[in-house]
Each structure stands twice: as structure tokens, then as C-alpha cells.
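The structure under discussion appears below in the form of C-alpha cells.
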Amino acid sequence: MFAQVLLDFASMIEKQKRDKEIPMPKIPTEDRTKEILAKMMTEPTFHFLDSGDIYGRHWERRRKEGFEDIERVHVEIFDDGDWYALIDTFAFLSEMLEYDQKLDYEFHKFAHLPEYREEPWLTVMKEFAERIGKEYATVNTYNFENYLDQVIQYVHIAPKPEYVHKDLLKDGFNPEDFNGLYDYDECYGAIVILQTHNGCDVRGGYSTPHVFRLKYGYFTFIDAMENIDFWCPKKGCYYHLSIGIGRDPIENGDEIDWEDISLIVDTKNKVLRCPKCKSPLEADFPVFF
């Protein structure tokens, strides 16, 4: 017990030191959702048992890179012709989520009740989900394949009638008709209590959670992190990269074997090119699927 207290204290001191050594970048304040997400992703989550001293930590990387001129999809090309593509997690979450200030305040007020003050964040998130939701599920994106460049952890909630999104009510939806998570798969308004993984070892180093609403359906949320679109602006050629298909592209909606066609890897200029017109390809994650 004493050793654990000593380790936690030493970690806190070192975290404060690192916090000062790596200054905060410019936080986007023109959009409340982006502001909260940026603060979450730059929150220091240092602990001595994390292996970040060797591999680096996400919160350190985010502070150094900042949030201006972000590539929504980053393509890394190696000299041997191999390549991979990753979705920027900040860009993804900014596109998919809307910060719910009122519900977030209620959540943190709940978290400071005497019975929850010493509980881990994930426990509090689940308890709050029990309070406001008809049904909920806990998700950690480390546990399934996706293209996000950073792990996120969240509790996905189908809200009780009194917590249904007001815009959903304006559209004529009857909250009594929504009985569970799957009823919200194709419409907006489901609740997400989100943490970003800011450390190195995925077992720890998660940010303080905050509450958001899905701007689109949950299917769109999941599909967007599992798919990347490539296209050339000149000819409009279109290719699709999907977790389910691997790196076999889909051309204009039709699946094509990798042996029949593949994107041209330009190792000199570090770009992917269209196999038809040789133009550089642009990339993005699909918002609507």
C-alpha cells in the first residue's frame, strides 16, 4: 500500500514537471466541441508504469503537433513501397460529435458525489449511464480494427425520454419508441461519454471524460473509423479502403482484387497516385456511408 502511494506521488510530481516542459498548443476556441476535445487530448496522463519514456505519449505528441492545419487522413509511405493510412482522431471526433454542456455538467456533478469520488472514471461513466439511459454499451476501440490514430474509450447510451435530443423531438420522433441502442443506430442524438487515450500503454492513461451527442447515427460513427476514401480531383476516380476488405480497393463502388489493380505508390514524392490517370490521390474518412 505504501509503495503504491509513493509511486503515485512520484508520478504526480513527474507529470507536473512534464506538463511545464511541453507547453500547450493553441486551443481552438471558435467551436466548443473542438475546444473540449483539444483539451482532453492534451491532458497529461503521465505515470511511471507507462512505457511512454521509450515510445512517447499521445498527449505529448498532440501538444507538439497542435490542432492547426490537421490532415484528416495521414498517409505514411516508406522507401520500400509499403504504406499505411490513419485517420486523425481529433478531426474524426470533431466531425462526429457535438459537446453537450448541460449533460456534461450533470455528469461531473454526479461524479463528485461522495460515493463516486474515489471510483475509477469508467465505473462512474457506467453508473451515470444507468441513471440516464435505457441501455448502454462500453467500447474501447483498441479491441477492434479501425483506422484511428489514437484509442478512444466511451460509453454509448440510448437515453431515457427526458434525455432525448431536443432536435430529435422537433423532427417528430416519439421517445417512447426508442427502446435501446439499436433504435439510435441510424439517427442522431445518442449520448457518448468519451475518454481519449493519452498515454502509451493502452491499459491506462485515459483523459477525464466528457459528454457528447452523436451528430449522425452510430452506424456512421463506426463505419467512418473503419473506412477511408481515396479519389483524384482531376478525373474523379474513386477508391475505397475498408477494414473488412483490407487493402483491396473498391473502384467506383465495385470491389476489385488487389492483383488486378493497385494504387501507385510514389516513393519519391511520398504520395499515392491513381492507377488510371496517375494523379495524386486525396484521402478522407466517409461522413455518410
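Here's how to read the names in the C-alpha cells: chain A, B, ... by the order shown, residue numbers from 1 in each chain, ligand numbers from 1 in the order shown.
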Compile the contact shell of Glu226 (chain A) as an mmCIF file with all heavy atoms, in the first residue's frame: residues with an atom at most 10 Å away, counting only C-alpha atoms, same-chain residues fewer than 6 positions apart removed.
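What follows is the written file result_28.cif:
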```
data_model
loop_
_atom_site.group_PDB
_atom_site.id
_atom_site.type_symbol
_atom_site.label_atom_id
_atom_site.label_comp_id
_atom_site.auth_asym_id
_atom_site.auth_seq_id
_atom_site.Cartn_x
_atom_site.Cartn_y
_atom_site.Cartn_z
ATOM 1 N N LEU A 86 -3.902 6.472 -41.719
ATOM 2 C CA LEU A 86 -4.570 6.593 -40.430
ATOM 3 C C LEU A 86 -5.440 7.845 -40.405
ATOM 4 O O LEU A 86 -5.094 8.875 -40.989
ATOM 5 C CB LEU A 86 -3.550 6.665 -39.286
ATOM 6 C CG LEU A 86 -2.742 5.400 -38.980
ATOM 7 C CD1 LEU A 86 -1.694 5.699 -37.912
ATOM 8 C CD2 LEU A 86 -3.652 4.267 -38.526
ATOM 9 N N ILE A 87 -6.559 7.741 -39.709
ATOM 10 C CA ILE A 87 -7.479 8.866 -39.542
ATOM 11 C C ILE A 87 -7.069 9.667 -38.313
ATOM 12 O O ILE A 87 -6.821 9.089 -37.244
ATOM 13 C CB ILE A 87 -8.924 8.362 -39.377
ATOM 14 C CG1 ILE A 87 -9.388 7.650 -40.653
ATOM 15 C CG2 ILE A 87 -9.871 9.504 -39.028
ATOM 16 C CD1 ILE A 87 -10.713 6.919 -40.495
ATOM 17 N N PHE A 144 -11.020 -3.604 -31.483
ATOM 18 C CA PHE A 144 -11.421 -3.979 -32.839
ATOM 19 C C PHE A 144 -10.636 -3.136 -33.838
ATOM 20 O O PHE A 144 -10.128 -2.062 -33.512
ATOM 21 C CB PHE A 144 -12.933 -3.821 -33.055
ATOM 22 C CG PHE A 144 -13.450 -2.413 -32.902
ATOM 23 C CD1 PHE A 144 -13.560 -1.571 -33.997
ATOM 24 C CD2 PHE A 144 -13.842 -1.935 -31.661
ATOM 25 C CE1 PHE A 144 -14.044 -0.279 -33.863
ATOM 26 C CE2 PHE A 144 -14.329 -0.647 -31.509
ATOM 27 C CZ PHE A 144 -14.431 0.186 -32.617
ATOM 28 N N GLU A 145 -10.540 -3.624 -35.060
ATOM 29 C CA GLU A 145 -9.738 -2.943 -36.077
ATOM 30 C C GLU A 145 -10.411 -1.653 -36.534
ATOM 31 O O GLU A 145 -11.615 -1.618 -36.782
ATOM 32 C CB GLU A 145 -9.530 -3.860 -37.283
ATOM 33 C CG GLU A 145 -8.575 -5.013 -37.033
ATOM 34 C CD GLU A 145 -8.263 -5.755 -38.318
ATOM 35 O OE1 GLU A 145 -7.304 -5.359 -39.013
ATOM 36 O OE2 GLU A 145 -8.996 -6.706 -38.626
ATOM 37 N N ASN A 146 -9.618 -0.610 -36.655
ATOM 38 C CA ASN A 146 -10.090 0.664 -37.178
ATOM 39 C C ASN A 146 -8.879 1.484 -37.604
ATOM 40 O O ASN A 146 -7.736 1.097 -37.355
ATOM 41 C CB ASN A 146 -10.931 1.412 -36.137
ATOM 42 C CG ASN A 146 -10.149 1.716 -34.880
ATOM 43 O OD1 ASN A 146 -9.390 2.678 -34.819
ATOM 44 N ND2 ASN A 146 -10.308 0.865 -33.862
ATOM 45 N N TYR A 147 -9.125 2.632 -38.235
ATOM 46 C CA TYR A 147 -8.030 3.447 -38.759
ATOM 47 C C TYR A 147 -7.710 4.664 -37.895
ATOM 48 O O TYR A 147 -6.912 5.514 -38.306
ATOM 49 C CB TYR A 147 -8.362 3.913 -40.184
ATOM 50 C CG TYR A 147 -8.350 2.797 -41.206
ATOM 51 C CD1 TYR A 147 -9.507 2.434 -41.881
ATOM 52 C CD2 TYR A 147 -7.174 2.109 -41.496
ATOM 53 C CE1 TYR A 147 -9.497 1.411 -42.815
ATOM 54 C CE2 TYR A 147 -7.155 1.091 -42.428
ATOM 55 C CZ TYR A 147 -8.320 0.743 -43.088
ATOM 56 O OH TYR A 147 -8.301 -0.274 -44.012
ATOM 57 N N LEU A 148 -8.295 4.785 -36.722
ATOM 58 C CA LEU A 148 -7.994 5.926 -35.860
ATOM 59 C C LEU A 148 -6.540 5.872 -35.403
ATOM 60 O O LEU A 148 -6.015 4.797 -35.098
ATOM 61 C CB LEU A 148 -8.915 5.937 -34.641
ATOM 62 C CG LEU A 148 -10.408 6.130 -34.901
ATOM 63 C CD1 LEU A 148 -11.166 6.166 -33.574
ATOM 64 C CD2 LEU A 148 -10.667 7.408 -35.689
ATOM 65 N N THR A 220 -22.891 5.246 -38.718
ATOM 66 C CA THR A 220 -21.995 6.180 -39.401
ATOM 67 C C THR A 220 -20.726 6.396 -38.593
ATOM 68 O O THR A 220 -19.621 6.453 -39.139
ATOM 69 C CB THR A 220 -22.704 7.529 -39.637
ATOM 70 O OG1 THR A 220 -23.847 7.319 -40.461
ATOM 71 C CG2 THR A 220 -21.780 8.532 -40.307
ATOM 72 N N LEU A 241 -10.920 2.182 -49.110
ATOM 73 C CA LEU A 241 -10.136 1.309 -48.240
ATOM 74 C C LEU A 241 -10.982 0.952 -47.032
ATOM 75 O O LEU A 241 -11.495 1.831 -46.342
ATOM 76 C CB LEU A 241 -8.863 2.040 -47.801
ATOM 77 C CG LEU A 241 -7.829 1.272 -46.972
ATOM 78 C CD1 LEU A 241 -7.215 0.154 -47.793
ATOM 79 C CD2 LEU A 241 -6.742 2.225 -46.496
ATOM 80 N N SER A 242 -11.149 -0.336 -46.781
ATOM 81 C CA SER A 242 -12.039 -0.768 -45.705
ATOM 82 C C SER A 242 -11.375 -1.838 -44.858
ATOM 83 O O SER A 242 -10.628 -2.679 -45.366
ATOM 84 C CB SER A 242 -13.349 -1.319 -46.287
ATOM 85 O OG SER A 242 -14.170 -1.847 -45.273
ATOM 86 N N ILE A 243 -11.662 -1.796 -43.558
ATOM 87 C CA ILE A 243 -11.137 -2.817 -42.648
ATOM 88 C C ILE A 243 -11.571 -4.203 -43.110
ATOM 89 O O ILE A 243 -10.810 -5.158 -43.110
ATOM 90 C CB ILE A 243 -11.634 -2.564 -41.209
ATOM 91 C CG1 ILE A 243 -10.934 -1.335 -40.611
ATOM 92 C CG2 ILE A 243 -11.402 -3.783 -40.327
ATOM 93 C CD1 ILE A 243 -9.455 -1.494 -40.374
ATOM 94 N N GLY A 244 -12.814 -4.318 -43.540
ATOM 95 C CA GLY A 244 -13.343 -5.618 -43.927
ATOM 96 C C GLY A 244 -12.735 -6.175 -45.200
ATOM 97 O O GLY A 244 -12.778 -7.374 -45.457
ATOM 98 N N PHE A 285 -12.061 10.347 -44.441
ATOM 99 C CA PHE A 285 -12.956 9.316 -43.920
ATOM 100 C C PHE A 285 -14.384 9.678 -44.317
ATOM 101 O O PHE A 285 -14.743 10.852 -44.389
ATOM 102 C CB PHE A 285 -12.826 9.175 -42.396
ATOM 103 C CG PHE A 285 -13.016 10.453 -41.626
ATOM 104 C CD1 PHE A 285 -14.278 10.872 -41.223
ATOM 105 C CD2 PHE A 285 -11.918 11.238 -41.286
ATOM 106 C CE1 PHE A 285 -14.453 12.046 -40.505
ATOM 107 C CE2 PHE A 285 -12.076 12.417 -40.565
ATOM 108 C CZ PHE A 285 -13.352 12.821 -40.174
ATOM 109 N N PRO A 286 -15.215 8.677 -44.605
ATOM 110 C CA PRO A 286 -16.577 8.967 -45.069
ATOM 111 C C PRO A 286 -17.475 9.392 -43.917
ATOM 112 O O PRO A 286 -17.565 8.709 -42.901
ATOM 113 C CB PRO A 286 -17.040 7.627 -45.657
ATOM 114 C CG PRO A 286 -16.258 6.603 -44.903
ATOM 115 C CD PRO A 286 -14.929 7.230 -44.582
#
```
**OP:** Find the residues near Leu122 (chain A): any atom within 9 Å, counting only C-alpha atoms, skip ones fewer than 4 places away on the same chain, and give them as an NGL selection string.
**Re:** :A and (126-127 or 138 or 153-155 or 209)
Subject >> Non-local contacts of Lys34 (chain A) (12 Å; only C-alpha atoms; under 2 positions in same chain excluded) as a ChimeraX atom specification >> reply: /A:26-32,36-41,67-68,89-99,212
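For the choices A:His74, A:Lys102, A:Lys134, A:Lys109, the atom-to-atom distance to Pro175 (chain A) is smallest for A:Lys134 when using only C-alpha atoms.
Computed from the coordinates, the CA of Lys270 (chain A) to CA of Cys200 (chain A) distance equals 27.4 Å.
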Original post:
Near region 273-281 of chain A, within 6 Å and counting only C-alpha atoms, which residues show up once chain neighbours fewer than 4 positions away are dropped, as an MDAnalysis selection string?
Top reply: chainID A and resid 230:232 263:264
Written file, previous selection with N, CA and C atoms, as a compact mmCIF listing (two decimals), in the first residue's frame:
```
# COMPACT_ATOMS: atom_id res chain seq x y z
N PHE A 230 -10.33 7.29 -51.11
CA PHE A 230 -9.28 7.93 -51.91
C PHE A 230 -9.90 8.36 -53.23
N TRP A 231 -9.54 9.53 -53.72
CA TRP A 231 -10.04 9.97 -55.01
C TRP A 231 -9.04 10.94 -55.64
N CYS A 232 -9.11 11.06 -56.95
CA CYS A 232 -8.27 12.04 -57.63
C CYS A 232 -9.15 13.18 -58.12
N LEU A 263 -3.16 0.90 -56.08
CA LEU A 263 -2.77 2.31 -56.10
C LEU A 263 -1.27 2.41 -56.34
N ILE A 264 -0.87 3.41 -57.10
CA ILE A 264 0.55 3.61 -57.39
C ILE A 264 1.21 4.30 -56.20
```
Subject >> Who sits within 7 Å of region 161-173 of chain A, only C-alpha atoms, same chain under 2 positions skipped, as a ChimeraX atom specification >> reply: /A:132,159,175-176,189
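Here CA of Met125 (chain A) and CA of Glu106 (chain A) stand 11.8 Å from one another.
Of the listed residues A:Arg72, A:Lys160, A:His210, A:His197, the one whose atoms come nearest to Asp229 (chain A) is A:Arg72, with distances taken using only C-alpha atoms.
Each of A:Gly180, A:Gly204, A:Pro114, A:Gly217 was compared to Thr45 (chain A) using only C-alpha atoms, and A:Gly204 turns out to be the nearest.
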Original post:
Among region 12-195 of chain A, which ones does DSSP place in strand (DSSP E or B), written as an NGL selection string?
Top reply: :A and (73-77 or 83-87 or 97-99 or 133-140 or 148 or 152-159 or 191-195)
**OP:** Please provide as a ChimeraX atom specification all residues within 12 Å of Phe128 (chain A), with the sequence filter that same-chain residues fewer than 4 positions apart are discarded (counting only C-alpha atoms).
**Re:** /A:103-104,106-113,116,121-124,132-136,155-157,159,191-193,209-211
Original post:
DSSP on the backbone: what in region 23-247 of chain A comes out alpha helix (DSSP H), as an MDAnalysis selection string?
Top reply: chainID A and resid 32:41 52:55 58:65 89:96 101:111 121:132 166:170 218:225
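Every protein, DNA or RNA residue with an atom at most 8 Å from Arg63 (chain A), where only C-alpha atoms count and chain neighbours fewer than 4 positions away do not, is listed here: Ile22, Pro23, Met24, Pro25, Thr42 and Trp59 of chain A.
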Store the residues picked out above in a file with N, CA and C atoms, as a short mmCIF file (atom, residue, chain, number, x, y, z; two decimals), in the first residue's frame.
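In the end it all went to result.cif:
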```cif
data_model
loop_
_atom_site.label_atom_id
_atom_site.label_comp_id
_atom_site.auth_asym_id
_atom_site.auth_seq_id
_atom_site.Cartn_x
_atom_site.Cartn_y
_atom_site.Cartn_z
N ILE A 22 6.44 20.72 -21.74
CA ILE A 22 5.79 20.67 -23.06
C ILE A 22 4.60 21.61 -23.03
N PRO A 23 4.74 22.82 -23.56
CA PRO A 23 3.67 23.81 -23.46
C PRO A 23 2.43 23.42 -24.24
N MET A 24 1.31 23.96 -23.81
CA MET A 24 0.04 23.72 -24.51
C MET A 24 0.06 24.42 -25.87
N PRO A 25 -0.49 23.78 -26.90
CA PRO A 25 -0.62 24.44 -28.20
C PRO A 25 -1.80 25.40 -28.17
N THR A 42 -4.84 16.81 -24.88
CA THR A 42 -3.56 17.35 -24.41
C THR A 42 -3.43 17.26 -22.89
N TRP A 59 -0.51 12.46 -25.47
CA TRP A 59 -0.73 13.85 -25.05
C TRP A 59 0.49 14.71 -25.38
#
```
